[in-house]
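S.K.: For reference, the file target.pdb (PDB, C-alpha atoms) is included below:
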```
ATOM      1  CA  MET A 333    -119.302  17.772 -68.014
ATOM      2  CA  THR A 334    -117.870  15.233 -65.532
ATOM      3  CA  ALA A 335    -114.284  14.092 -65.274
ATOM      4  CA  GLU A 336    -115.261  10.495 -66.082
ATOM      5  CA  TRP A 337    -116.883  11.588 -69.375
ATOM      6  CA  THR A 338    -113.872  13.699 -70.313
ATOM      7  CA  ALA A 339    -111.391  10.959 -69.476
ATOM      8  CA  ARG A 340    -113.411   8.438 -71.463
ATOM      9  CA  HIS A 341    -113.337  10.599 -74.611
ATOM     10  CA  ILE A 342    -109.685  11.478 -74.240
ATOM     11  CA  ASN A 343    -108.917   7.765 -74.281
ATOM     12  CA  ARG A 344    -110.597   7.546 -77.665
ATOM     13  CA  PHE A 345    -108.296  10.027 -79.402
ATOM     14  CA  CYS A 346    -105.059  10.396 -77.413
ATOM     15  CA  LEU A 347    -102.023   8.184 -77.623
ATOM     16  CA  PRO A 348    -101.982   5.389 -74.969
ATOM     17  CA  ALA A 349     -99.037   6.798 -72.997
ATOM     18  CA  ALA A 350    -100.537  10.274 -72.851
ATOM     19  CA  CYS A 351    -104.219   9.444 -72.447
ATOM     20  CA  SER A 352    -103.672   7.252 -69.371
ATOM     21  CA  THR A 353    -101.937  10.084 -67.532
ATOM     22  CA  VAL A 354    -104.505  12.695 -68.584
ATOM     23  CA  SER A 355    -107.497  10.506 -67.739
ATOM     24  CA  ARG A 356    -106.139   9.573 -64.289
ATOM     25  CA  ARG A 357    -105.429  13.204 -63.576
ATOM     26  CA  LEU A 358    -108.954  14.182 -64.564
ATOM     27  CA  GLU A 359    -110.580  11.388 -62.585
ATOM     28  CA  GLY A 360    -108.510  12.070 -59.473
ATOM     29  CA  THR A 361    -108.409  15.841 -59.354
ATOM     30  CA  LEU A 362    -111.122  17.527 -61.391
ATOM     31  CA  ASP A 363    -113.994  16.373 -59.183
ATOM     32  CA  ARG A 364    -112.244  17.757 -56.101
ATOM     33  CA  GLY A 365    -111.121  20.943 -57.808
ATOM     34  CA  GLU A 366    -107.477  20.054 -57.168
ATOM     35  CA  HIS A 367    -104.598  20.331 -59.627
ATOM     36  CA  ARG A 368    -101.960  18.163 -58.003
ATOM     37  CA  PRO A 369     -99.639  16.339 -60.428
ATOM     38  CA  THR A 370     -99.983  12.577 -60.319
ATOM     39  CA  PRO A 371     -96.958  10.326 -60.659
ATOM     40  CA  GLN A 372     -96.698   8.677 -64.070
ATOM     41  CA  ARG A 373     -96.577   4.919 -64.170
ATOM     42  CA  PRO A 374     -94.035   3.513 -66.651
ATOM     43  CA  VAL A 375     -95.704   1.904 -69.619
ATOM     44  CA  THR A 376     -94.893  -1.798 -69.538
ATOM     45  CA  HIS A 377     -96.057  -4.608 -71.765
ATOM     46  CA  ALA A 378     -98.791  -5.527 -69.297
ATOM     47  CA  SER A 379    -100.047  -1.963 -69.034
ATOM     48  CA  TRP A 380     -99.987  -1.657 -72.815
ATOM     49  CA  GLN A 381    -102.140  -4.741 -73.187
ATOM     50  CA  GLU A 382    -104.444  -3.420 -70.508
ATOM     51  CA  LEU A 383    -104.841  -0.139 -72.362
ATOM     52  CA  LYS A 384    -105.566  -1.987 -75.590
ATOM     53  CA  GLU A 385    -108.273  -4.012 -73.866
ATOM     54  CA  GLN A 386    -109.773  -0.861 -72.409
ATOM     55  CA  ARG A 387    -109.804   0.812 -75.812
ATOM     56  CA  LYS A 388    -111.564  -2.198 -77.289
ATOM     57  CA  GLU A 389    -114.337  -1.781 -74.761
ATOM     58  CA  LEU A 390    -114.807   1.882 -75.735
ATOM     59  CA  PHE A 391    -115.853   1.111 -79.316
ATOM     60  CA  THR A 392    -118.421  -1.364 -80.490
ATOM     61  CA  ARG A 393    -118.122  -3.333 -83.702
ATOM     62  CA  GLU A 394    -120.652  -1.089 -85.387
ATOM     63  CA  GLU A 395    -118.743   2.054 -84.373
ATOM     64  CA  LYS A 396    -115.485   0.643 -85.731
ATOM     65  CA  ASP A 397    -117.097  -0.296 -89.027
ATOM     66  CA  GLU A 398    -118.694   3.121 -89.262
ATOM     67  CA  GLY A 399    -115.349   4.797 -88.573
ATOM     68  CA  TRP A 400    -113.544   2.876 -91.303
ATOM     69  CA  THR A 401    -116.397   3.571 -93.698
ATOM     70  CA  LEU A 402    -116.217   7.317 -93.028
ATOM     71  CA  LEU A 403    -112.441   7.257 -93.415
ATOM     72  CA  SER A 404    -112.626   5.368 -96.693
ATOM     73  CA  ASP A 405    -115.330   7.652 -98.060
ATOM     74  CA  SER A 406    -113.314  10.754 -97.152
ATOM     75  CA  VAL A 407    -110.191   9.494 -98.908
ATOM     76  CA  LYS A 408    -112.214   8.303-101.892
ATOM     77  CA  ASN A 409    -114.061  11.598-102.323
ATOM     78  CA  TYR A 410    -110.848  13.624-102.100
ATOM     79  CA  THR A 411    -108.871  11.492-104.551
ATOM     80  CA  ASP A 412    -111.728  11.083-107.023
ATOM     81  CA  GLU A 413    -112.366  14.822-107.102
ATOM     82  CA  MET A 414    -108.673  15.560-107.665
ATOM     83  CA  ILE A 415    -108.218  12.924-110.390
ATOM     84  CA  ASP A 416    -111.416  13.936-112.199
ATOM     85  CA  ARG A 417    -110.399  17.597-112.133
ATOM     86  CA  TRP A 418    -106.967  16.814-113.571
ATOM     87  CA  ASN A 419    -108.457  14.558-116.232
ATOM     88  CA  THR A 420    -110.872  17.293-117.324
ATOM     89  CA  GLU A 421    -108.084  19.871-117.512
ATOM     90  CA  ILE A 422    -105.800  17.560-119.489
ATOM     91  CA  ASP A 423    -108.587  16.793-121.978
ATOM     92  CA  THR A 424    -109.077  20.524-122.591
ATOM     93  CA  TYR A 425    -105.336  21.072-123.010
ATOM     94  CA  LEU A 426    -105.045  18.206-125.490
ATOM     95  CA  VAL A 427    -107.829  19.610-127.677
ATOM     96  CA  TYR A 428    -106.209  23.044-127.636
ATOM     97  CA  ALA A 429    -102.753  21.609-128.356
ATOM     98  CA  GLY A 430    -104.084  19.667-131.347
ATOM     99  CA  LEU A 431    -105.799  22.671-132.909
ATOM    100  CA  PHE A 432    -102.876  24.988-132.207
ATOM    101  CA  SER A 433    -100.331  22.548-133.651
ATOM    102  CA  ALA A 434    -102.349  22.281-136.864
ATOM    103  CA  ILE A 435    -102.398  26.078-137.235
ATOM    104  CA  VAL A 436     -98.672  26.458-136.586
ATOM    105  CA  THR A 437     -97.871  23.640-138.997
ATOM    106  CA  ALA A 438     -99.758  25.429-141.784
ATOM    107  CA  PHE A 439     -97.599  28.521-141.249
ATOM    108  CA  ASN A 440     -94.376  26.495-141.039
ATOM    109  CA  VAL A 441     -95.085  24.752-144.345
ATOM    110  CA  GLN A 442     -94.982  28.129-146.093
ATOM    111  CA  SER A 443     -92.217  29.760-144.061
ATOM    112  CA  TYR A 444     -89.533  27.094-144.254
ATOM    113  CA  LEU A 445     -89.354  27.450-148.041
ATOM    114  CA  ALA A 446     -87.721  30.848-147.571
ATOM    115  CA  LEU A 447     -84.814  29.138-145.805
ATOM    116  CA  GLN A 448     -83.901  27.072-148.859
ATOM    117  CA  GLN A 449     -81.284  28.692-151.078
ATOM    118  CA  GLU A 450     -82.945  27.684-154.311
ATOM    119  CA  PRO A 451     -81.480  29.267-157.476
ATOM    120  CA  ASP A 452     -83.497  31.969-159.156
ATOM    121  CA  PRO A 453     -83.953  31.102-162.898
ATOM    122  CA  MET A 454     -83.916  34.750-163.946
ATOM    123  CA  LEU A 455     -80.807  35.451-161.899
ATOM    124  CA  ALA A 456     -79.077  32.361-163.282
ATOM    125  CA  ALA A 457     -79.842  33.452-166.855
ATOM    126  CA  MET A 458     -78.519  36.951-166.258
ATOM    127  CA  GLN A 459     -75.335  35.578-164.690
ATOM    128  CA  GLN A 460     -74.820  33.248-167.631
ATOM    129  CA  ILE A 461     -75.270  36.038-170.152
ATOM    130  CA  SER A 462     -72.938  38.311-168.188
ATOM    131  CA  LEU A 463     -70.219  35.659-168.121
ATOM    132  CA  GLN A 464     -70.655  35.004-171.808
ATOM    133  CA  LEU A 465     -70.362  38.710-172.678
ATOM    134  CA  SER A 466     -67.297  39.162-170.502
ATOM    135  CA  SER A 467     -65.536  36.302-172.285
ATOM    136  CA  LEU A 468     -66.010  37.721-175.789
ATOM    137  CA  THR A 469     -62.935  38.251-177.946
ATOM    138  CA  ILE A 470     -63.140  40.184-181.184
ATOM    139  CA  GLN A 471     -60.977  38.971-184.061
ATOM    140  CA  PRO A 472     -62.351  40.527-187.236
ATOM    141  CA  PRO A 473     -64.350  39.270-188.887
ATOM    142  CA  PHE A 474     -65.142  36.872-185.994
ATOM    143  CA  VAL A 475     -66.431  37.368-182.474
ATOM    144  CA  ASN A 476     -65.522  34.477-180.188
ATOM    145  CA  SER A 477     -66.620  33.590-176.638
ATOM    146  CA  THR A 478     -64.776  31.213-174.365
ATOM    147  CA  HIS A 479     -67.829  30.733-172.107
ATOM    148  CA  PRO A 480     -70.599  28.334-173.228
ATOM    149  CA  ALA A 481     -73.780  29.927-174.462
ATOM    150  CA  PHE A 482     -76.876  30.091-172.293
ATOM    151  CA  GLY A 483     -78.955  26.951-172.610
ATOM    152  CA  SER A 484     -76.150  24.750-173.932
ATOM    153  CA  SER A 485     -75.282  21.374-172.441
ATOM    154  CA  ASP A 486     -72.008  22.662-171.000
ATOM    155  CA  ALA A 487     -73.754  25.502-169.228
ATOM    156  CA  ALA A 488     -76.397  23.142-167.885
ATOM    157  CA  SER A 489     -73.752  20.754-166.538
ATOM    158  CA  ALA A 490     -72.084  23.595-164.629
ATOM    159  CA  GLY A 491     -75.263  23.991-162.571
ATOM    160  CA  PRO A 492     -77.111  27.122-161.547
ATOM    161  CA  ALA A 493     -75.657  29.465-159.026
ATOM    162  CA  PRO A 494     -77.076  29.181-155.478
ATOM    163  CA  GLY A 495     -79.596  31.764-154.388
ATOM    164  CA  PRO A 496     -78.976  34.448-151.778
ATOM    165  CA  PRO A 497     -78.963  33.420-148.105
ATOM    166  CA  PRO A 498     -82.136  34.085-146.079
ATOM    167  CA  ASP A 499     -82.338  37.375-144.274
ATOM    168  CA  ALA A 500     -82.477  37.819-140.494
ATOM    169  CA  ALA A 501     -86.272  38.239-140.411
ATOM    170  CA  THR A 502     -86.809  34.928-142.185
ATOM    171  CA  VAL A 503     -84.493  33.120-139.795
ATOM    172  CA  ALA A 504     -86.216  34.683-136.770
ATOM    173  CA  ILE A 505     -89.695  33.796-138.027
ATOM    174  CA  ASN A 506     -88.828  30.165-138.647
ATOM    175  CA  THR A 507     -86.998  29.867-135.330
ATOM    176  CA  LEU A 508     -89.985  31.167-133.371
ATOM    177  CA  TRP A 509     -92.588  29.168-135.262
ATOM    178  CA  PHE A 510     -90.730  25.870-135.154
ATOM    179  CA  SER A 511     -90.068  26.390-131.424
ATOM    180  CA  SER A 512     -93.777  27.042-130.956
ATOM    181  CA  LEU A 513     -94.652  23.819-132.751
ATOM    182  CA  ILE A 514     -92.215  21.803-130.642
ATOM    183  CA  LEU A 515     -93.583  23.242-127.382
ATOM    184  CA  SER A 516     -97.151  22.514-128.440
ATOM    185  CA  LEU A 517     -96.337  18.910-129.305
ATOM    186  CA  THR A 518     -94.394  18.564-126.050
ATOM    187  CA  SER A 519     -97.405  19.693-124.026
ATOM    188  CA  ALA A 520     -99.601  17.160-125.834
ATOM    189  CA  SER A 521     -97.085  14.383-125.164
ATOM    190  CA  VAL A 522     -96.827  15.277-121.459
ATOM    191  CA  GLY A 523    -100.628  15.457-121.208
ATOM    192  CA  ILE A 524    -101.000  11.962-122.639
ATOM    193  CA  MET A 525     -98.489  10.583-120.139
ATOM    194  CA  VAL A 526    -100.265  12.300-117.240
ATOM    195  CA  LYS A 527    -103.594  10.776-118.287
ATOM    196  CA  GLN A 528    -101.958   7.344-118.224
ATOM    197  CA  TRP A 529    -100.690   8.002-114.699
ATOM    198  CA  LEU A 530    -104.118   9.117-113.524
ATOM    199  CA  ASN A 531    -105.798   6.069-115.044
ATOM    200  CA  GLU A 532    -103.238   3.861-113.331
ATOM    201  CA  PHE A 533    -104.039   5.585-110.023
ATOM    202  CA  LYS A 534    -107.700   4.567-110.251
ATOM    203  CA  SER A 535    -107.045   1.020-111.434
ATOM    204  CA  SER A 536    -107.538  -1.962-109.094
ATOM    205  CA  LEU A 537    -109.337   0.151-106.512
ATOM    206  CA  PRO A 538    -112.526  -1.198-104.860
ATOM    207  CA  SER A 539    -115.647   0.523-106.097
ATOM    208  CA  ASP A 540    -119.024   1.008-104.469
ATOM    209  CA  LYS A 541    -120.678  -1.318-106.966
ATOM    210  CA  THR A 542    -118.447  -4.279-106.137
ATOM    211  CA  ALA A 543    -118.086  -3.694-102.381
ATOM    212  CA  PRO A 544    -120.189  -5.885-100.068
ATOM    213  CA  ALA A 545    -123.116  -4.219 -98.328
ATOM    214  CA  SER A 546    -122.228  -5.132 -94.738
ATOM    215  CA  GLY A 547    -120.352  -7.510 -92.507
ATOM    216  CA  GLU A 548    -116.696  -8.304 -91.941
ATOM    217  CA  SER A 549    -115.900  -8.368 -95.659
ATOM    218  CA  ARG A 550    -117.284  -4.845 -96.018
ATOM    219  CA  LYS A 551    -115.040  -3.594 -93.217
ATOM    220  CA  GLY A 552    -111.981  -5.376 -94.592
ATOM    221  CA  GLU A 553    -112.423  -4.076 -98.115
ATOM    222  CA  THR A 554    -113.058  -0.562 -96.874
ATOM    223  CA  LEU A 555    -109.837  -0.665 -94.872
ATOM    224  CA  GLU A 556    -107.873  -2.106 -97.800
ATOM    225  CA  GLY A 557    -109.261   0.469-100.220
ATOM    226  CA  ALA A 558    -108.475   3.355 -97.877
ATOM    227  CA  ARG A 559    -104.928   2.146 -97.380
ATOM    228  CA  LEU A 560    -104.348   1.661-101.113
ATOM    229  CA  ARG A 561    -105.784   5.066-101.989
ATOM    230  CA  GLN A 562    -103.729   6.795 -99.311
ATOM    231  CA  TYR A 563    -100.574   4.976-100.442
ATOM    232  CA  ARG A 564    -101.044   6.123-104.039
ATOM    233  CA  LEU A 565    -101.968   9.630-102.943
ATOM    234  CA  ASN A 566     -98.754   9.867-100.925
ATOM    235  CA  ASN A 567     -96.743   8.826-103.989
ATOM    236  CA  ILE A 568     -98.491  11.408-106.163
ATOM    237  CA  GLU A 569     -97.524  14.111-103.678
ATOM    238  CA  LYS A 570     -94.004  12.713-103.297
ATOM    239  CA  TRP A 571     -93.271  12.700-107.043
ATOM    240  CA  ARG A 572     -94.988  16.090-107.575
ATOM    241  CA  VAL A 573     -97.448  15.013-110.236
ATOM    242  CA  ASP A 574     -99.287  18.281-109.637
ATOM    243  CA  LEU A 575     -96.287  20.202-111.017
ATOM    244  CA  VAL A 576     -96.272  18.029-114.131
ATOM    245  CA  VAL A 577     -99.961  18.772-114.661
ATOM    246  CA  LEU A 578     -99.231  22.473-114.173
ATOM    247  CA  ALA A 579     -96.438  22.336-116.781
ATOM    248  CA  VAL A 580     -98.882  21.475-119.589
ATOM    249  CA  PRO A 581    -100.689  24.869-119.735
ATOM    250  CA  ILE A 582     -97.386  26.702-119.221
ATOM    251  CA  LEU A 583     -95.933  24.981-122.291
ATOM    252  CA  LEU A 584     -99.014  25.951-124.292
ATOM    253  CA  GLN A 585     -98.715  29.567-123.168
ATOM    254  CA  LEU A 586     -95.065  29.640-124.225
ATOM    255  CA  ALA A 587     -95.948  28.110-127.573
ATOM    256  CA  LEU A 588     -98.576  30.805-128.146
ATOM    257  CA  ALA A 589     -96.096  33.539-127.181
ATOM    258  CA  PHE A 590     -93.484  32.260-129.663
ATOM    259  CA  PHE A 591     -96.050  31.998-132.445
ATOM    260  CA  LEU A 592     -97.326  35.543-131.895
ATOM    261  CA  ALA A 593     -93.772  36.878-131.736
ATOM    262  CA  GLY A 594     -92.971  35.275-135.096
ATOM    263  CA  LEU A 595     -96.208  36.620-136.522
ATOM    264  CA  LEU A 596     -95.258  40.154-135.469
ATOM    265  CA  VAL A 597     -91.851  39.819-137.102
ATOM    266  CA  LEU A 598     -93.555  38.705-140.310
ATOM    267  CA  VAL A 599     -96.127  41.514-140.493
ATOM    268  CA  TRP A 600     -93.562  44.194-139.641
ATOM    269  CA  SER A 601     -91.474  43.036-142.599
ATOM    270  CA  LEU A 602     -94.513  43.266-144.915
ATOM    271  CA  HIS A 603     -96.570  46.374-144.142
ATOM    272  CA  PRO A 604     -96.425  48.909-141.258
ATOM    273  CA  THR A 605    -100.188  49.496-141.037
ATOM    274  CA  VAL A 606    -101.013  45.801-140.744
ATOM    275  CA  ALA A 607     -98.165  45.422-138.291
ATOM    276  CA  ALA A 608     -99.421  48.252-136.083
ATOM    277  CA  VAL A 609    -102.952  46.827-135.838
ATOM    278  CA  THR A 610    -101.661  43.321-135.174
ATOM    279  CA  THR A 611     -99.251  44.553-132.519
ATOM    280  CA  SER A 612    -102.016  46.398-130.673
ATOM    281  CA  PHE A 613    -104.159  43.264-130.361
ATOM    282  CA  VAL A 614    -101.209  41.118-129.330
ATOM    283  CA  SER A 615    -100.259  43.714-126.714
ATOM    284  CA  LEU A 616    -103.767  43.639-125.236
ATOM    285  CA  LEU A 617    -103.601  39.858-124.957
ATOM    286  CA  ALA A 618    -100.162  40.031-123.334
ATOM    287  CA  ILE A 619    -101.316  42.645-120.788
ATOM    288  CA  PHE A 620    -104.382  40.605-119.872
ATOM    289  CA  THR A 621    -102.370  37.389-119.481
ATOM    290  CA  LEU A 622     -99.661  39.001-117.356
ATOM    291  CA  GLY A 623    -102.281  40.790-115.269
ATOM    292  CA  THR A 624    -104.160  37.598-114.429
ATOM    293  CA  MET A 625    -100.879  35.926-113.498
ATOM    294  CA  LEU A 626     -99.540  38.697-111.246
ATOM    295  CA  LEU A 627    -102.677  39.986-109.537
ATOM    296  CA  PRO A 628    -103.149  36.911-107.272
ATOM    297  CA  ALA A 629     -99.666  37.548-105.867
ATOM    298  CA  PHE A 630    -100.792  40.959-104.541
ATOM    299  CA  LYS A 631    -104.506  40.369-103.890
ATOM    300  CA  GLN A 632    -105.399  37.279-101.892
ATOM    301  CA  SER A 633    -109.088  37.727-102.704
ATOM    302  CA  CYS A 634    -108.396  37.650-106.454
ATOM    303  CA  ALA A 635    -110.225  34.806-108.174
ATOM    304  CA  TYR A 636    -107.693  34.420-110.989
ATOM    305  CA  LEU A 637    -105.489  31.363-111.097
ATOM    306  CA  SER A 638    -101.735  31.902-110.882
ATOM    307  CA  PRO A 639     -99.645  30.664-112.565
ATOM    308  CA  GLN A 640    -101.776  30.002-115.611
TER
END
```
Kindly transcribe the structure held in the file into structure tokens.
M.R.:
Amino acid sequence: MTAEWTARHINRFCLPAACSTVSRRLEGTLDRGEHRPTPQRPVTHASWQELKEQRKELFTREEKDEGWTLLSDSVKNYTDEMIDRWNTEIDTYLVYAGLFSAIVTAFNVQSYLALQQEPDPMLAAMQQISLQLSSLTIQPPFVNSTHPAFGSSDAASAGPAPGPPPDAATVAINTLWFSSLILSLTSASVGIMVKQWLNEFKSSLPSDKTAPASGESRKGETLEGARLRQYRLNNIEKWRVDLVVLAVPILLQLALAFFLAGLLVLVWSLHPTVAAVTTSFVSLLAIFTLGTMLLPAFKQSCAYLSPQ
């Protein structure tokens, strides 16, 4: 490898101020085996123009076009792969969120009724009879009551007594299930917004079908497309769109956790055997989920994705 060849290739990749010094040092000292420092010439406007002219002579028009084409293809392949992967993930999350929301809604329709303090007809009748009996006065040969009889218009106008307040288990179940529904709908809403952002990223970008085959227009469009893609990619990284995409599955996992917690509260208030079996399966799912989330933090070779 000669010093001229090395200096020529350094000029292709180094900055102008640095490559001129390195190339002169190589040309002047490497062939003689010397390592004397050479004085650096200050970079003036004339020397800058000279360096630019020399750099132009290093690359032909075909090499420049090929370089811009490779650059554009690299940026395009990277961004397209990232956007397609995010779109596929969001589509899967939206399907899951829709099915899960429908299931939770079916449970909420039945559970929220227990929160309403509706009067019990049997209890209202017994209270009315008790009040009527307590208001009886005996004046032989008559028995009088100052309280209206059950079923009369006066008793009906007084209105039935409110039912008992819901117990703590009912309140906990509805709190967990309604929170689960809200988180599931939130994840679906965020996923829809992310898909709009990703579609906007790919809009107005030059495609291979519309790009010219060769010539100056091909080089210009390749350069413009690479710059536009890189500009949008920088903004995606700046505004942390990847964290927003990551928030969608986390919201779904939280929604599932709240739903299962409410389900356990329900079955434990109904029957201990059913509750024990249900708790065992939920515990297995929780152990597996936590294990797949924590193992990558301790094992770099672990293939699980963390966080989920």
S.K.: Using all atoms listed in the file, which residue out of A:Trp509, A:Tyr425, A:Phe533, A:Tyr563 lies closest to Leu583 in chain A?
M.R.: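 Nearest to Leu583 in chain A: A:Tyr425.
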S.K.: Just so the selection is clear, what residues does the PyMOL selection byres ((chain A and resi 526) around 9) cover here, as a list of chain:residue names?
M.R.: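 Those residues are A:Trp418, A:Asn419, A:Ile422, A:Ser521, A:Val522, A:Gly523, A:Ile524, A:Met525, A:Lys527, A:Gln528, A:Trp529, A:Leu530, A:Asn531, A:Val573, A:Val576, A:Val577.
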S.K.: Would you mind exporting C-alpha atoms of the selected residues as a PDB file, in the frame of the given file?
M.R.:
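Printed below is again-v4.pdb as written:
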```pdb
ATOM      1  CA  TRP A 418    -106.967  16.814-113.571  1.00  0.00           C
ATOM      2  CA  ASN A 419    -108.457  14.558-116.232  1.00  0.00           C
ATOM      3  CA  ILE A 422    -105.800  17.560-119.489  1.00  0.00           C
ATOM      4  CA  SER A 521     -97.085  14.383-125.164  1.00  0.00           C
ATOM      5  CA  VAL A 522     -96.827  15.277-121.459  1.00  0.00           C
ATOM      6  CA  GLY A 523    -100.628  15.457-121.208  1.00  0.00           C
ATOM      7  CA  ILE A 524    -101.000  11.962-122.639  1.00  0.00           C
ATOM      8  CA  MET A 525     -98.489  10.583-120.139  1.00  0.00           C
ATOM      9  CA  LYS A 527    -103.594  10.776-118.287  1.00  0.00           C
ATOM     10  CA  GLN A 528    -101.958   7.344-118.224  1.00  0.00           C
ATOM     11  CA  TRP A 529    -100.690   8.002-114.699  1.00  0.00           C
ATOM     12  CA  LEU A 530    -104.118   9.117-113.524  1.00  0.00           C
ATOM     13  CA  ASN A 531    -105.798   6.069-115.044  1.00  0.00           C
ATOM     14  CA  VAL A 573     -97.448  15.013-110.236  1.00  0.00           C
ATOM     15  CA  VAL A 576     -96.272  18.029-114.131  1.00  0.00           C
ATOM     16  CA  VAL A 577     -99.961  18.772-114.661  1.00  0.00           C
TER      17      VAL A 577
END
```
S.K.: The PyMOL selection byres ((chain A and resi 414) around 12) on the file shown: which residues, as a PyMOL selection string?
M.R.: chain A and resi 407-413+415-421+530+533-534+565+568-569+573-574+577
S.K.: Those same residues - C-alpha atoms - I'd like them written as a PDB file, keeping the file's coordinate frame.
M.R.:
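Contents of again_29.pdb, freshly written:
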```pdb
ATOM      1  CA  VAL A 407    -110.191   9.494 -98.908  1.00  0.00           C
ATOM      2  CA  LYS A 408    -112.214   8.303-101.892  1.00  0.00           C
ATOM      3  CA  ASN A 409    -114.061  11.598-102.323  1.00  0.00           C
ATOM      4  CA  TYR A 410    -110.848  13.624-102.100  1.00  0.00           C
ATOM      5  CA  THR A 411    -108.871  11.492-104.551  1.00  0.00           C
ATOM      6  CA  ASP A 412    -111.728  11.083-107.023  1.00  0.00           C
ATOM      7  CA  GLU A 413    -112.366  14.822-107.102  1.00  0.00           C
ATOM      8  CA  ILE A 415    -108.218  12.924-110.390  1.00  0.00           C
ATOM      9  CA  ASP A 416    -111.416  13.936-112.199  1.00  0.00           C
ATOM     10  CA  ARG A 417    -110.399  17.597-112.133  1.00  0.00           C
ATOM     11  CA  TRP A 418    -106.967  16.814-113.571  1.00  0.00           C
ATOM     12  CA  ASN A 419    -108.457  14.558-116.232  1.00  0.00           C
ATOM     13  CA  THR A 420    -110.872  17.293-117.324  1.00  0.00           C
ATOM     14  CA  GLU A 421    -108.084  19.871-117.512  1.00  0.00           C
ATOM     15  CA  LEU A 530    -104.118   9.117-113.524  1.00  0.00           C
ATOM     16  CA  PHE A 533    -104.039   5.585-110.023  1.00  0.00           C
ATOM     17  CA  LYS A 534    -107.700   4.567-110.251  1.00  0.00           C
ATOM     18  CA  LEU A 565    -101.968   9.630-102.943  1.00  0.00           C
ATOM     19  CA  ILE A 568     -98.491  11.408-106.163  1.00  0.00           C
ATOM     20  CA  GLU A 569     -97.524  14.111-103.678  1.00  0.00           C
ATOM     21  CA  VAL A 573     -97.448  15.013-110.236  1.00  0.00           C
ATOM     22  CA  ASP A 574     -99.287  18.281-109.637  1.00  0.00           C
ATOM     23  CA  VAL A 577     -99.961  18.772-114.661  1.00  0.00           C
TER      24      VAL A 577
END
```
S.K.: Grab the CA of Gln442 in chain A to CA of Ala429 in chain A distance for me, in Å with one decimal place.
M.R.: 20.4 Å
S.K.: Counting all atoms listed in the file, select every polymer residue within 12 Å of (-98.3, 36.3, -115.1) as defined in the file's coordinates, and provide the selection as a ChimeraX atom specification.
M.R.: /A:582,585-586,617-630,636-640
S.K.: For the PyMOL selection byres ((chain A and resi 439) around 10), applied here, can you spell out every residue it catches as a list in words?
M.R.: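 On the file shown, the PyMOL selection byres ((chain A and resi 439) around 10) covers Ala434, Ile435, Val436, Thr437, Ala438, Asn440, Val441, Gln442, Ser443, Tyr444, Asn506, Trp509, Phe510, Phe591 and Leu595 of chain A.
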S.K.: Taking only C-alpha atoms into account, name the residue in A:Val597, A:Leu560, A:Leu517, A:Leu508 that is nearest to Ser536 in chain A.
M.R.: A:Leu560
S.K.: Is there a way to get, as a ChimeraX atom specification, all residues within 9 Å of the point (-108.4, 2.9, -99.2) in file coordinates, counting all atoms listed in the file?
M.R.: /A:403-405,407-408,537-538,553-563
S.K.: Please return the centre and edge lengths, in Å to one decimal, of a box with edges along x, y and z that contains all listed atoms of range 520-537 of chain A, widened by 8 Å on every side, as JSON.
M.R.:
```
{"center_x": -103.1, "center_y": 7.6, "center_z": -116.2, "size_x": 28.5, "size_y": 35.1, "size_z": 35.3}
```
S.K.: Have a look at CA of Ala635 in chain A and CA of Ala587 in chain A and let me know their distance in Å, one decimal.
M.R.: 25.0 Å
S.K.: Could you tell me which of A:Ala520, A:Val580, A:Ile505, A:Leu616 comes closest to Val599 in chain A if we count all atoms listed in the file?
M.R.: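 Of A:Ala520, A:Val580, A:Ile505, A:Leu616, the one nearest Val599 in chain A is A:Ile505, counting all atoms listed in the file.
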S.K.: How many Å separate CA of Leu515 in chain A from CA of Leu596 in chain A?
M.R.: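 Straight-line distance from CA of Leu515 in chain A to CA of Leu596 in chain A works out to 18.8 Å.
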